[in-house]
>>> print(open('start35.txt').read())   # compact mmCIF, C-alpha atoms and all ligand atoms
# COMPACT_ATOMS: atom_id res chain seq x y z
CA MET A 26 0.00 0.00 0.00
CA ILE A 27 1.32 3.47 -0.86
CA SER A 28 0.41 6.83 0.65
CA LEU A 29 -2.00 9.23 -1.06
CA ALA A 30 0.86 11.68 -1.64
CA GLU A 31 2.95 8.93 -3.28
CA ALA A 32 0.02 7.90 -5.48
CA LEU A 33 -0.58 11.46 -6.68
CA ALA A 34 3.16 11.89 -7.35
CA LEU A 35 3.21 8.78 -9.57
CA TYR A 36 0.63 10.05 -12.09
CA PRO A 37 2.88 12.68 -13.73
CA LEU A 38 5.66 10.11 -14.02
CA HIS A 39 3.48 7.71 -16.02
CA VAL A 40 0.72 9.66 -17.80
CA ARG A 41 1.82 11.60 -20.90
CA PRO A 42 -0.03 14.64 -22.24
CA LEU A 43 -2.13 14.06 -25.35
CA ARG A 44 -1.09 15.56 -28.67
CA THR A 45 -1.93 19.17 -29.35
CA GLN A 46 -4.10 20.69 -32.05
CA ALA A 47 -5.13 24.12 -33.29
CA ALA A 48 -8.66 25.04 -32.28
CA PRO A 49 -10.87 28.01 -33.07
CA LEU A 50 -11.00 30.18 -29.95
CA GLN A 51 -14.74 29.70 -29.40
CA ALA A 52 -14.26 25.92 -29.25
CA ALA A 53 -11.40 26.13 -26.76
CA LEU A 54 -13.36 26.86 -23.59
CA GLY A 55 -12.24 24.48 -20.83
CA HIS A 56 -9.26 23.17 -22.82
CA VAL A 57 -5.69 23.62 -21.63
CA LEU A 58 -3.48 25.99 -23.61
CA ARG A 59 -0.42 24.15 -24.90
CA ALA A 60 1.43 27.10 -26.44
CA PRO A 61 1.69 30.68 -25.20
CA THR A 62 -0.54 33.21 -26.94
CA GLN A 63 0.58 36.70 -27.88
CA ALA A 64 -1.60 39.76 -28.20
CA ARG A 65 -2.04 40.75 -31.84
CA CYS A 66 -2.56 44.42 -30.97
CA ASP A 67 -2.02 46.94 -28.20
CA LEU A 68 -4.85 47.08 -25.67
CA PRO A 69 -6.51 49.51 -25.78
CA ARG A 70 -5.91 49.30 -29.52
CA PHE A 71 -6.10 53.11 -29.85
CA SER A 72 -6.33 56.01 -27.38
CA GLN A 73 -9.98 56.53 -26.65
CA SER A 74 -12.47 58.35 -24.46
CA ALA A 75 -13.62 56.74 -21.20
CA LEU A 76 -16.71 58.97 -21.01
CA ASP A 77 -19.43 60.72 -22.97
CA GLY A 78 -18.27 64.36 -22.96
CA TYR A 79 -15.82 66.74 -24.62
CA VAL A 80 -12.19 66.31 -25.59
CA LEU A 81 -9.75 69.23 -25.29
CA THR A 82 -6.04 69.93 -25.06
CA ASN A 83 -4.15 69.86 -21.76
CA GLU A 84 -3.35 73.58 -22.17
CA ASP A 85 -7.03 74.55 -22.43
CA ALA A 86 -7.95 72.17 -19.57
CA ALA A 87 -5.44 73.82 -17.19
CA ALA A 88 -7.96 76.52 -16.17
CA PRO A 89 -11.71 77.22 -16.45
CA CYS A 90 -12.46 78.29 -20.02
CA THR A 91 -15.08 78.50 -22.79
CA LEU A 92 -14.32 76.62 -26.01
CA THR A 93 -15.98 76.20 -29.41
CA ILE A 94 -17.29 72.70 -30.19
CA THR A 95 -16.07 71.91 -33.71
CA ASP A 96 -16.61 68.17 -34.29
CA SER A 97 -18.35 65.09 -32.95
CA ILE A 98 -16.67 61.64 -32.66
CA ALA A 99 -18.57 58.45 -31.84
CA ALA A 100 -17.33 54.91 -31.03
CA GLY A 101 -16.88 53.09 -34.32
CA ASP A 102 -16.15 56.23 -36.37
CA THR A 103 -13.22 55.32 -38.58
CA GLY A 104 -12.63 58.51 -40.59
CA GLU A 105 -9.73 60.92 -40.24
CA LEU A 106 -9.72 62.94 -37.00
CA ARG A 107 -9.18 66.69 -37.02
CA PRO A 108 -6.47 67.79 -34.53
CA LEU A 109 -7.66 70.12 -31.75
CA GLN A 110 -6.76 73.82 -31.98
CA ASN A 111 -6.42 75.99 -28.87
CA GLY A 112 -9.81 77.47 -28.04
CA GLU A 113 -11.60 74.44 -29.51
CA CYS A 114 -13.00 71.20 -28.20
CA GLN A 115 -14.81 68.23 -29.79
CA ARG A 116 -17.88 66.31 -28.69
CA ILE A 117 -16.82 62.69 -27.96
CA LEU A 118 -18.57 59.48 -26.91
CA THR A 119 -17.33 56.58 -24.77
CA GLY A 120 -14.98 54.29 -26.72
CA ALA A 121 -14.40 56.78 -29.55
CA ARG A 122 -10.84 57.54 -30.75
CA VAL A 123 -9.46 60.80 -29.38
CA PRO A 124 -7.86 63.28 -31.83
CA PRO A 125 -4.02 63.16 -32.08
CA ASN A 126 -3.29 66.05 -29.69
CA ALA A 127 -6.04 65.26 -27.15
CA GLY A 128 -5.16 66.00 -23.51
CA VAL A 129 -8.28 65.30 -21.47
CA VAL A 130 -11.90 64.32 -21.76
CA VAL A 131 -14.37 66.09 -19.50
CA ALA A 132 -17.69 64.40 -18.65
CA GLN A 133 -20.70 66.23 -20.07
CA GLU A 134 -22.22 66.50 -16.54
CA ARG A 135 -19.29 68.73 -15.51
CA VAL A 136 -19.65 71.40 -18.20
CA SER A 137 -22.34 73.74 -19.45
CA VAL A 138 -23.11 73.94 -23.15
CA VAL A 139 -24.91 76.75 -24.96
CA GLY A 140 -25.12 76.38 -28.72
CA ASP A 141 -21.61 75.49 -29.90
CA GLN A 142 -19.93 76.90 -26.76
CA MET A 143 -18.75 74.57 -23.99
CA THR A 144 -17.74 76.07 -20.64
CA LEU A 145 -15.34 74.16 -18.40
CA LYS A 146 -15.91 75.22 -14.81
CA GLU A 147 -12.77 73.86 -13.16
CA ALA A 148 -9.23 72.93 -14.18
CA MET A 149 -8.54 69.26 -14.99
CA LYS A 150 -5.53 67.00 -14.47
CA PRO A 151 -3.62 66.32 -17.73
CA GLY A 152 -4.59 63.00 -19.32
CA ALA A 153 -7.87 62.63 -17.42
CA ASN A 154 -10.52 60.23 -18.74
CA ILE A 155 -8.50 58.96 -21.69
CA ARG A 156 -7.75 55.25 -22.05
CA TRP A 157 -4.31 55.40 -23.66
CA GLN A 158 -3.25 53.02 -26.40
CA GLY A 159 -1.28 50.06 -24.96
CA GLU A 160 -1.74 51.10 -21.32
CA GLU A 161 -3.09 47.63 -20.48
CA LEU A 162 -0.79 45.58 -22.68
CA ARG A 163 1.43 45.81 -25.73
CA GLU A 164 1.18 43.93 -29.02
CA HIS A 165 3.13 40.62 -28.82
CA SER A 166 2.97 40.49 -25.02
CA THR A 167 1.90 37.13 -23.55
CA ILE A 168 -1.68 36.84 -22.36
CA GLY A 169 -1.98 33.08 -22.07
CA LYS A 170 0.63 30.69 -20.71
CA THR A 171 1.15 27.04 -21.60
CA GLY A 172 -0.71 24.87 -19.11
CA GLN A 173 -3.55 27.27 -18.31
CA ARG A 174 -7.13 26.01 -18.55
CA ILE A 175 -9.19 28.48 -20.58
CA THR A 176 -12.05 30.09 -18.64
CA PRO A 177 -14.77 32.28 -20.21
CA GLY A 178 -13.01 35.43 -18.99
CA HIS A 179 -9.63 34.33 -20.33
CA LEU A 180 -11.25 33.40 -23.63
CA ALA A 181 -12.81 36.86 -23.84
CA SER A 182 -9.46 38.54 -23.16
CA LEU A 183 -7.84 36.49 -25.95
CA SER A 184 -10.64 37.49 -28.32
CA ALA A 185 -10.21 41.17 -27.43
CA ALA A 186 -6.50 40.86 -28.23
CA GLY A 187 -7.24 39.55 -31.72
CA ILE A 188 -6.56 35.86 -31.10
CA ASP A 189 -9.00 33.65 -32.99
CA GLN A 190 -7.11 30.35 -32.84
CA VAL A 191 -5.21 28.63 -30.03
CA THR A 192 -3.11 25.51 -29.50
CA VAL A 193 -4.79 23.14 -27.07
CA THR A 194 -4.94 19.47 -26.16
CA ARG A 195 -7.80 17.56 -27.69
CA MET A 196 -10.40 16.45 -25.14
CA PRO A 197 -9.52 13.06 -23.63
CA ARG A 198 -11.71 10.13 -24.73
CA ILE A 199 -13.14 8.58 -21.58
CA ARG A 200 -15.03 5.31 -20.98
CA VAL A 201 -16.78 4.47 -17.71
CA LEU A 202 -17.40 0.84 -16.80
CA VAL A 203 -19.73 0.17 -13.87
CA SER A 204 -19.27 -3.40 -12.65
CA GLY A 205 -21.37 -5.51 -10.32
CA ASP A 206 -24.14 -8.11 -10.82
CA GLU A 207 -26.12 -6.39 -8.07
CA VAL A 208 -26.08 -2.94 -9.72
CA LYS A 209 -29.12 -1.87 -11.78
CA PRO A 210 -29.87 1.51 -13.34
CA ALA A 211 -32.34 3.68 -11.38
CA GLY A 212 -35.91 3.02 -12.50
CA THR A 213 -35.34 -0.73 -12.98
CA PRO A 214 -37.46 -2.95 -10.68
CA LEU A 215 -35.15 -4.67 -8.17
CA LEU A 216 -35.03 -8.20 -6.80
CA ASP A 217 -33.77 -8.93 -3.28
CA GLY A 218 -30.00 -8.44 -3.19
CA GLN A 219 -29.93 -5.88 -5.99
CA ILE A 220 -29.27 -2.14 -5.65
CA TRP A 221 -29.78 0.95 -7.74
CA ASP A 222 -26.70 2.41 -9.35
CA ALA A 223 -24.95 5.36 -7.69
CA ASN A 224 -21.53 5.14 -9.34
CA GLY A 225 -22.64 5.50 -12.97
CA PRO A 226 -24.55 8.75 -12.36
CA LEU A 227 -21.77 9.98 -10.06
CA ALA A 228 -19.02 9.39 -12.60
CA LEU A 229 -20.93 10.65 -15.63
CA THR A 230 -22.28 13.80 -14.02
CA TRP A 231 -18.98 14.58 -12.30
CA LEU A 232 -17.24 14.30 -15.66
CA ARG A 233 -19.91 16.45 -17.31
CA SER A 234 -19.61 19.07 -14.54
CA GLN A 235 -15.88 19.28 -15.38
CA GLY A 236 -16.56 19.66 -19.10
CA TYR A 237 -16.11 16.05 -20.32
CA GLU A 238 -18.40 13.61 -22.05
CA ALA A 239 -18.03 9.89 -21.48
CA GLU A 240 -19.72 6.67 -22.49
CA LEU A 241 -20.96 4.33 -19.78
CA ARG A 242 -21.32 0.55 -19.85
CA TYR A 243 -22.63 -1.80 -17.19
CA ILE A 244 -20.73 -5.05 -16.79
CA GLY A 245 -21.68 -8.21 -14.97
CA ASP A 246 -19.32 -10.08 -12.67
CA THR A 247 -17.97 -12.67 -15.10
CA ARG A 248 -14.46 -12.85 -16.43
CA GLU A 249 -15.81 -12.88 -20.00
CA ALA A 250 -18.01 -9.78 -19.55
CA VAL A 251 -15.22 -7.84 -17.86
CA SER A 252 -12.73 -8.92 -20.52
CA GLU A 253 -14.93 -7.96 -23.45
CA ALA A 254 -15.82 -4.54 -21.97
CA LEU A 255 -12.30 -3.68 -20.76
CA SER A 256 -10.72 -4.73 -24.02
CA ALA A 257 -13.06 -2.51 -26.05
CA ALA A 258 -12.66 0.41 -23.65
CA LEU A 259 -8.85 0.22 -23.73
CA ASP A 260 -8.94 0.20 -27.53
CA GLU A 261 -11.18 3.27 -27.70
CA ALA A 262 -10.27 5.52 -24.79
CA ASP A 263 -7.37 7.48 -23.37
CA LEU A 264 -8.77 6.99 -19.88
CA VAL A 265 -10.87 4.05 -18.69
CA ILE A 266 -12.55 4.50 -15.32
CA SER A 267 -14.05 1.37 -13.81
CA THR A 268 -16.02 1.11 -10.59
CA GLY A 269 -16.14 -1.99 -8.39
CA GLY A 270 -14.39 -5.30 -8.64
CA VAL A 271 -10.91 -4.21 -7.50
CA SER A 272 -10.82 -5.75 -4.04
CA VAL A 273 -10.09 -9.34 -3.01
CA GLY A 274 -13.51 -10.95 -3.56
CA ASP A 275 -14.04 -14.04 -5.72
CA LYS A 276 -15.67 -11.96 -8.45
CA ASP A 277 -13.26 -9.02 -8.41
CA TYR A 278 -12.05 -9.49 -11.98
CA ILE A 279 -11.00 -5.99 -13.04
CA ILE A 280 -7.32 -6.27 -12.11
CA PRO A 281 -6.54 -9.83 -13.30
CA VAL A 282 -8.44 -9.27 -16.54
CA ALA A 283 -6.81 -5.88 -17.18
CA GLU A 284 -3.38 -7.39 -16.66
CA SER A 285 -4.20 -10.34 -18.93
CA LEU A 286 -5.04 -7.71 -21.57
CA GLY A 287 -1.60 -6.16 -21.23
CA VAL A 288 -2.21 -3.45 -18.64
CA GLU A 289 0.84 -2.89 -16.46
CA ARG A 290 0.24 -2.11 -12.85
CA VAL A 291 1.67 1.10 -11.40
CA PHE A 292 -0.04 0.70 -8.03
CA TRP A 293 -2.90 -0.99 -6.24
CA GLN A 294 -4.09 0.12 -2.80
CA VAL A 295 -3.66 3.62 -1.47
CA ALA A 296 -3.65 4.56 2.22
CA GLN A 297 -6.77 6.67 1.90
CA LYS A 298 -10.22 6.33 3.43
CA PRO A 299 -12.43 5.74 1.59
CA GLY A 300 -11.04 4.20 -1.55
CA LYS A 301 -8.19 1.96 -0.40
CA PRO A 302 -8.20 -0.69 -3.18
CA LEU A 303 -7.76 1.88 -5.98
CA TYR A 304 -5.85 0.55 -9.01
CA PHE A 305 -3.75 2.48 -11.54
CA GLY A 306 -2.38 0.71 -14.58
CA GLN A 307 -1.40 1.50 -18.16
CA ARG A 308 -1.28 -0.17 -21.55
CA GLY A 309 0.92 2.05 -23.70
CA ASP A 310 -0.65 5.49 -23.63
CA ARG A 311 -3.96 4.14 -22.27
CA THR A 312 -4.71 4.65 -18.58
CA LEU A 313 -6.95 2.50 -16.39
CA LEU A 314 -8.15 3.82 -13.05
CA GLY A 315 -9.98 1.06 -11.23
CA LEU A 316 -12.05 2.77 -8.56
CA PRO A 317 -13.35 0.69 -5.65
CA GLY A 318 -17.10 0.01 -5.83
CA ASN A 319 -18.28 1.81 -2.71
CA PRO A 320 -19.75 5.12 -3.92
CA GLY A 321 -17.79 7.12 -1.32
CA ALA A 322 -14.61 5.63 -2.78
CA VAL A 323 -15.73 6.63 -6.28
CA LEU A 324 -16.23 10.21 -5.09
CA ILE A 325 -12.64 10.37 -3.80
CA GLY A 326 -11.39 8.58 -6.91
CA LEU A 327 -12.97 11.21 -9.15
CA THR A 328 -12.15 14.28 -7.07
CA LEU A 329 -8.49 13.44 -6.45
CA HIS A 330 -7.28 10.75 -8.84
CA VAL A 331 -9.30 11.16 -12.05
CA ARG A 332 -8.88 14.94 -11.73
CA ALA A 333 -5.09 14.56 -11.59
CA VAL A 334 -4.94 12.15 -14.55
CA LEU A 335 -7.17 14.32 -16.75
CA ASP A 336 -5.12 17.41 -15.94
CA ILE A 337 -1.92 15.60 -16.93
CA LEU A 338 -3.46 14.21 -20.14
CA GLU A 339 -4.37 17.77 -21.05
CA GLY A 340 -1.01 19.26 -20.09
CA ALA A 341 -2.25 21.42 -17.20
CA ALA A 342 0.58 23.23 -15.43
CA LYS A 343 -0.70 22.36 -11.95
CA PRO A 344 -2.38 18.98 -12.20
CA GLY A 345 -4.80 17.79 -9.53
CA ALA A 346 -7.46 19.21 -7.25
CA ALA A 347 -6.73 22.65 -5.80
CA PHE A 348 -6.55 22.68 -1.99
CA PHE A 349 -7.20 25.56 0.40
CA SER A 350 -6.92 25.91 4.19
CA GLY A 351 -9.72 26.06 6.73
CA VAL A 352 -10.44 25.65 10.43
CA LEU A 353 -12.02 22.43 11.65
CA ALA A 354 -15.19 23.35 13.59
CA GLN A 355 -15.44 20.05 15.52
CA GLU A 356 -13.11 17.25 16.55
CA VAL A 357 -12.83 14.33 14.09
CA LYS A 358 -11.51 10.86 14.93
CA GLY A 359 -8.08 10.12 13.47
CA ASP A 360 -7.03 7.05 11.48
CA ALA A 361 -3.50 5.86 12.22
CA LYS A 362 -2.94 4.18 8.85
CA ARG A 363 -4.93 6.06 6.20
CA ASP A 364 -5.47 9.70 5.23
CA CYS A 365 -9.20 10.39 5.63
CA LEU A 366 -11.20 12.40 3.15
CA HIS A 367 -14.27 13.78 4.87
CA ARG A 368 -17.22 15.50 3.28
CA MET A 369 -17.87 18.77 5.12
CA ARG A 370 -19.86 21.96 4.93
CA LEU A 371 -17.87 25.13 4.32
CA ASP A 372 -18.89 28.32 6.13
CA ILE A 373 -17.00 31.57 5.58
CA SER A 374 -17.45 33.59 8.79
CA ASP A 375 -17.87 37.38 8.81
CA ASP A 376 -14.19 37.75 9.78
CA GLY A 377 -13.23 35.82 6.65
CA ARG A 378 -12.31 32.47 8.23
CA ALA A 379 -13.15 29.28 6.35
CA GLN A 380 -14.86 27.01 8.90
CA LEU A 381 -15.28 23.32 8.09
CA GLN A 382 -18.30 21.62 9.63
CA PRO A 383 -17.97 17.80 9.65
CA LEU A 384 -21.10 15.94 8.56
CA PRO A 385 -22.43 12.57 9.80
CA HIS A 386 -22.51 9.37 7.67
CA GLN A 387 -18.97 9.36 6.25
CA ASP A 388 -18.73 5.62 5.58
CA SER A 389 -17.75 4.64 2.08
CA HIS A 390 -21.12 3.03 1.23
CA MET A 391 -22.92 6.27 2.17
CA LEU A 392 -23.53 9.30 -0.03
CA SER A 393 -26.57 11.01 1.50
CA ASN A 394 -24.52 13.73 3.26
CA LEU A 395 -23.50 15.06 -0.16
CA ALA A 396 -26.82 16.90 -0.16
CA ASN A 397 -25.21 19.20 2.45
CA ALA A 398 -21.50 18.96 1.68
CA ASP A 399 -19.49 21.59 -0.21
CA VAL A 400 -15.95 20.33 0.28
CA LEU A 401 -13.74 17.35 0.87
CA ALA A 402 -11.38 17.86 3.83
CA HIS A 403 -8.04 16.04 3.79
CA LEU A 404 -7.20 14.71 7.27
CA PRO A 405 -3.70 13.17 7.24
CA ALA A 406 -3.20 9.77 8.89
CA GLN A 407 -2.71 10.14 12.65
CA SER A 408 -3.81 8.06 15.63
CA GLN A 409 -4.92 11.00 17.79
CA PRO A 410 -8.09 12.95 16.94
CA HIS A 411 -8.01 15.98 14.62
CA ALA A 412 -8.76 18.71 17.18
CA ALA A 413 -11.46 21.33 16.79
CA GLY A 414 -9.74 24.57 15.74
CA SER A 415 -6.93 22.83 13.83
CA ILE A 416 -6.10 23.96 10.29
CA VAL A 417 -6.90 21.43 7.57
CA LYS A 418 -6.76 21.39 3.78
CA TRP A 419 -9.94 21.20 1.72
CA THR A 420 -10.95 21.04 -1.90
CA ARG A 421 -14.29 21.78 -3.55
CA LEU A 422 -16.66 18.96 -4.33
N1 LIG B 501 -11.43 -8.90 2.73
C1 LIG B 501 -11.47 -7.63 2.31
N2 LIG B 501 -12.62 -7.16 1.82
C2 LIG B 501 -12.68 -5.90 1.39
C3 LIG B 501 -11.56 -5.06 1.49
C4 LIG B 501 -10.36 -5.59 1.99
O1 LIG B 501 -9.31 -4.90 2.09
N3 LIG B 501 -10.36 -6.89 2.38
N4 LIG B 501 -11.67 -3.76 1.10
C5 LIG B 501 -12.99 -3.18 1.25
C6 LIG B 501 -13.01 -1.86 0.70
S1 LIG B 501 -12.18 -0.68 1.60
C7 LIG B 501 -13.71 -1.53 -0.41
S2 LIG B 501 -13.78 0.10 -0.90
C8 LIG B 501 -14.42 -2.51 -1.18
C9 LIG B 501 -14.11 -2.33 -2.65
O2 LIG B 501 -14.39 -3.47 -3.32
P1 LIG B 501 -14.63 -3.55 -4.87
O3 LIG B 501 -13.94 -2.50 -5.61
O4 LIG B 501 -14.35 -4.95 -5.24
O5 LIG B 501 -16.16 -3.19 -5.00
P2 LIG B 501 -17.44 -4.13 -4.99
O6 LIG B 501 -17.20 -5.26 -4.07
O7 LIG B 501 -17.80 -4.40 -6.36
O8 LIG B 501 -18.45 -3.11 -4.32
C10 LIG B 501 -18.26 -2.60 -3.04
C11 LIG B 501 -19.61 -2.11 -2.49
O9 LIG B 501 -20.08 -1.07 -3.30
C12 LIG B 501 -21.38 -1.39 -3.86
N5 LIG B 501 -21.45 -0.90 -5.23
C13 LIG B 501 -20.72 -1.34 -6.26
N6 LIG B 501 -21.04 -0.70 -7.39
C14 LIG B 501 -22.01 0.17 -7.06
C15 LIG B 501 -22.76 1.11 -7.80
N7 LIG B 501 -22.57 1.27 -9.11
N8 LIG B 501 -23.67 1.87 -7.17
C16 LIG B 501 -23.88 1.69 -5.82
N9 LIG B 501 -23.17 0.82 -5.06
C17 LIG B 501 -22.27 0.05 -5.66
C18 LIG B 501 -21.42 -2.89 -3.83
O10 LIG B 501 -22.72 -3.36 -3.84
C19 LIG B 501 -20.68 -3.17 -2.53
O11 LIG B 501 -21.52 -3.01 -1.42
O12 LIG B 501 -14.06 -3.81 -0.80
C20 LIG B 501 -14.08 -4.01 0.61
N10 LIG B 501 -13.86 -5.40 0.86
O1 LIG B 502 -11.74 1.96 0.75
MO1 LIG B 502 -13.19 1.44 1.14
O2 LIG B 502 -13.78 2.70 0.16
O3 LIG B 502 -12.73 2.31 2.64
O4 LIG B 502 -14.66 1.29 1.90
>>> encode(input="start35.txt", output="structure tokens", more="lines below")
Ligand SMILES: Nc1nc2c(c(=O)[nH]1)N[C@H]1C(S)=C(S)[C@@H](COP(=O)(O)OP(=O)(O)OC[C@H]3O[C@@H](n4cnc5c(N)ncnc54)[C@H](O)[C@@H]3O)O[C@H]1N2
Ligand code: MOO
Amino acid sequence: MISLAEALALYPLHVRPLRTQAAPLQAALGHVLRAPTQARCDLPRFSQSALDGYVLTNEDAAAPCTLTITDSIAAGDTGELRPLQNGECQRILTGARVPPNAGVVVAQERVSVVGDQMTLKEAMKPGANIRWQGEELREHSTIGKTGQRITPGHLASLSAAGIDQVTVTRMPRIRVLVSGDEVKPAGTPLLDGQIWDANGPLALTWLRSQGYEAELRYIGDTREAVSEALSAALDEADLVISTGGVSVGDKDYIIPVAESLGVERVFWQVAQKPGKPLYFGQRGDRTLLGLPGNPGAVLIGLTLHVRAVLDILEGAAKPGAAFFSGVLAQEVKGDAKRDCLHRMRLDISDDGRAQLQPLPHQDSHMLSNLANADVLAHLPAQSQPHAAGSIVKWTRL
């Protein structure tokens, strides 16, 4: 058995990022950038007004004055601009280009206008209310680094800088195999000894919530069924996620069958609770994560292990779940041998402290507390209890 930290450290040593491809920007949301992107223009692209008002020279704006309004410039006007003369100003709208010798823009609320005469009542600071060309960034400067996952805001900033195509990893192909003779899809009538499926919905909707699509297959507990399904999945997918059948029971076929199909084991069994009998193996560039069947173990498998593998496949700079610190609100029993991953409620107090409220029903066959849980707290292996008030790491569920 290896520690959770050791398991997470092994993924980057074995999983290789998928090949890259050019993608139109709009299709790149949620993908990881695999080459830096450079702005194709200064931002702002040209010096422009920040307000609806009047544009004048710095000399005229240095003292109260009355000026003649000679021109009007709107956002989107592309014609030649007439330079300002002393004693003159121009009407200007937000986002419009300023004339070449513009000094300031004054908001229309701060002046009085009679006919074509504009009166400035008080002196203005040079440069006021103009968004200067390149003040945010310069053409060719980097606005996206290799390894960043593209968010809507990042995508918008790339678009504003003239980037319409980016280099990203293609989306990983994922297959989910839910094993167990007892497991039936929700809605199916059950016989004694059968249960409704939790792992299939958990895996598929977790993947969808992270931006991935996957195909799901149910497999019965025979060597032949497991072999046929695993073989097909390993042929088709970059990542195969199975649930169940990885412990020591008579019908736990996932590992022996995978290895008979050429999968090489990297590890089996991680000192984590829940989810101890987790399996990680590879056949060439294909990865198999065999998650233990208890739904609580699947939750940890997805949040920590699948997350890390997907991030590496996509070339993310910081693979794996992001952890933050919080204060444990109540004492929690320790486990001498395994790191515990507890589902908790996160409260941010008025003084800004992240308080973690442990929830009942943490056993690995239980999921009902997820109706109230926001985070997974990582409680390192220790025999003594985790004291109320101690600082622990947590990640979002
Ligand atoms: N002698 C030992 N027995 C077990 C050990 C051990 O170390 N020695 N480990 C236990 C632990 S810890 C876990 S976790 C489980 C994992 O076993 P498997 O991966 O083989 O999972 P299954 O036996 O197939 O299922 C476990 C449990 O989960 C239920 N299950 C399975 N699939 C679903 C599903 N899709 N939806 C809802 N529930 C599901 C299944 O009915 C079982 O109750 O092994 C322990 N045993
Ligand atoms: O590892 Mo199991 O998920 O503890 O019950």
>>> residues_near_ligand(input="start35.txt", ligand="ligand LIG 501 (chain B)", cutoff="7 Å", atoms="only C-alpha atoms and all ligand atoms", output="PyMOL selection string")
chain A and resi 203-205+207-208+220-225+268-274+277+299-302+316-320+322+389-390
>>> atom_distance(input="start35.txt", atom1="CA of Ser252 in chain A", atom2="CA of Gly287 in chain A")
11.5 Å
>>> residues_near_point(input="start35.txt", point="(-8.2, 36.3, -24.6)", cutoff="9 Å", atoms="all atoms listed in the file", output="NGL selection string")
:A and (50 or 62 or 64 or 168-169 or 175 or 177-189)
>>> residues_around(input="start35.txt", residues="range 138-150 of chain A", least_positions_apart="2", cutoff="9 Å", atoms="all atoms listed in the file", output="short mmCIF file (atom, residue, chain, number, x, y, z; two decimals) with C-alpha atoms, in the coordinates of the input")
data_model
loop_
_atom_site.label_atom_id
_atom_site.label_comp_id
_atom_site.auth_asym_id
_atom_site.auth_seq_id
_atom_site.Cartn_x
_atom_site.Cartn_y
_atom_site.Cartn_z
CA TYR A 79 -15.82 66.74 -24.62
CA ASN A 83 -4.15 69.86 -21.76
CA ASP A 85 -7.03 74.55 -22.43
CA ALA A 86 -7.95 72.17 -19.57
CA ALA A 87 -5.44 73.82 -17.19
CA ALA A 88 -7.96 76.52 -16.17
CA PRO A 89 -11.71 77.22 -16.45
CA CYS A 90 -12.46 78.29 -20.02
CA THR A 91 -15.08 78.50 -22.79
CA LEU A 92 -14.32 76.62 -26.01
CA THR A 93 -15.98 76.20 -29.41
CA ILE A 94 -17.29 72.70 -30.19
CA THR A 95 -16.07 71.91 -33.71
CA CYS A 114 -13.00 71.20 -28.20
CA VAL A 129 -8.28 65.30 -21.47
CA VAL A 131 -14.37 66.09 -19.50
CA GLN A 133 -20.70 66.23 -20.07
CA ARG A 135 -19.29 68.73 -15.51
CA VAL A 136 -19.65 71.40 -18.20
CA GLY A 152 -4.59 63.00 -19.32
CA ALA A 153 -7.87 62.63 -17.42
#
>>> residues_around(input="start35.txt", residues="Arg122 in chain A", least_positions_apart="6", cutoff="8 Å", atoms="all atoms listed in the file", output="number ranges by chain")
A: 71-74, 98-100, 102
>>> closest_residue(input="start35.txt", among="A:Glu289, A:Asp96, A:Asp388, A:Glu164", to="ligand LIG 502 (chain B)", atoms="all atoms listed in the file")
A:Asp388
>>> closest_residue(input="start35.txt", among="A:Ile244, A:Ala257, A:Leu118, A:Val191", to="Asp206 in chain A", atoms="all atoms listed in the file")
A:Ile244
>>> axis_aligned_box(input="start35.txt", around="ligand LIG 502 (chain B)", padding_each_side="3 Å", output="JSON")
{"center_x": -13.2, "center_y": 2.0, "center_z": 1.4, "size_x": 8.9, "size_y": 7.4, "size_z": 8.5}
>>> build_atoms(input="start35.txt", residues="range 50-57 of chain A", atoms="N, CA and C atoms", output="mmCIF file, in the frame of the given file")
data_model
loop_
_atom_site.group_PDB
_atom_site.id
_atom_site.type_symbol
_atom_site.label_atom_id
_atom_site.label_comp_id
_atom_site.auth_asym_id
_atom_site.auth_seq_id
_atom_site.Cartn_x
_atom_site.Cartn_y
_atom_site.Cartn_z
ATOM 1 N N LEU A 50 -10.901 29.712 -31.337
ATOM 2 C CA LEU A 50 -11.000 30.180 -29.950
ATOM 3 C C LEU A 50 -12.319 29.783 -29.288
ATOM 4 N N GLN A 51 -13.426 29.964 -30.006
ATOM 5 C CA GLN A 51 -14.740 29.700 -29.400
ATOM 6 C C GLN A 51 -14.872 28.257 -28.939
ATOM 7 N N ALA A 52 -14.147 27.343 -29.598
ATOM 8 C CA ALA A 52 -14.260 25.920 -29.250
ATOM 9 C C ALA A 52 -13.289 25.533 -28.147
ATOM 10 N N ALA A 53 -12.500 26.486 -27.669
ATOM 11 C CA ALA A 53 -11.400 26.130 -26.760
ATOM 12 C C ALA A 53 -11.747 26.298 -25.282
ATOM 13 N N LEU A 54 -12.983 26.682 -24.997
ATOM 14 C CA LEU A 54 -13.360 26.860 -23.590
ATOM 15 C C LEU A 54 -13.133 25.557 -22.817
ATOM 16 N N GLY A 55 -12.463 25.647 -21.676
ATOM 17 C CA GLY A 55 -12.240 24.480 -20.830
ATOM 18 C C GLY A 55 -11.045 23.642 -21.241
ATOM 19 N N HIS A 56 -10.472 23.897 -22.417
ATOM 20 C CA HIS A 56 -9.260 23.170 -22.820
ATOM 21 C C HIS A 56 -8.046 23.825 -22.170
ATOM 22 N N VAL A 57 -6.934 23.081 -22.187
ATOM 23 C CA VAL A 57 -5.690 23.620 -21.630
ATOM 24 C C VAL A 57 -4.847 24.166 -22.773
#
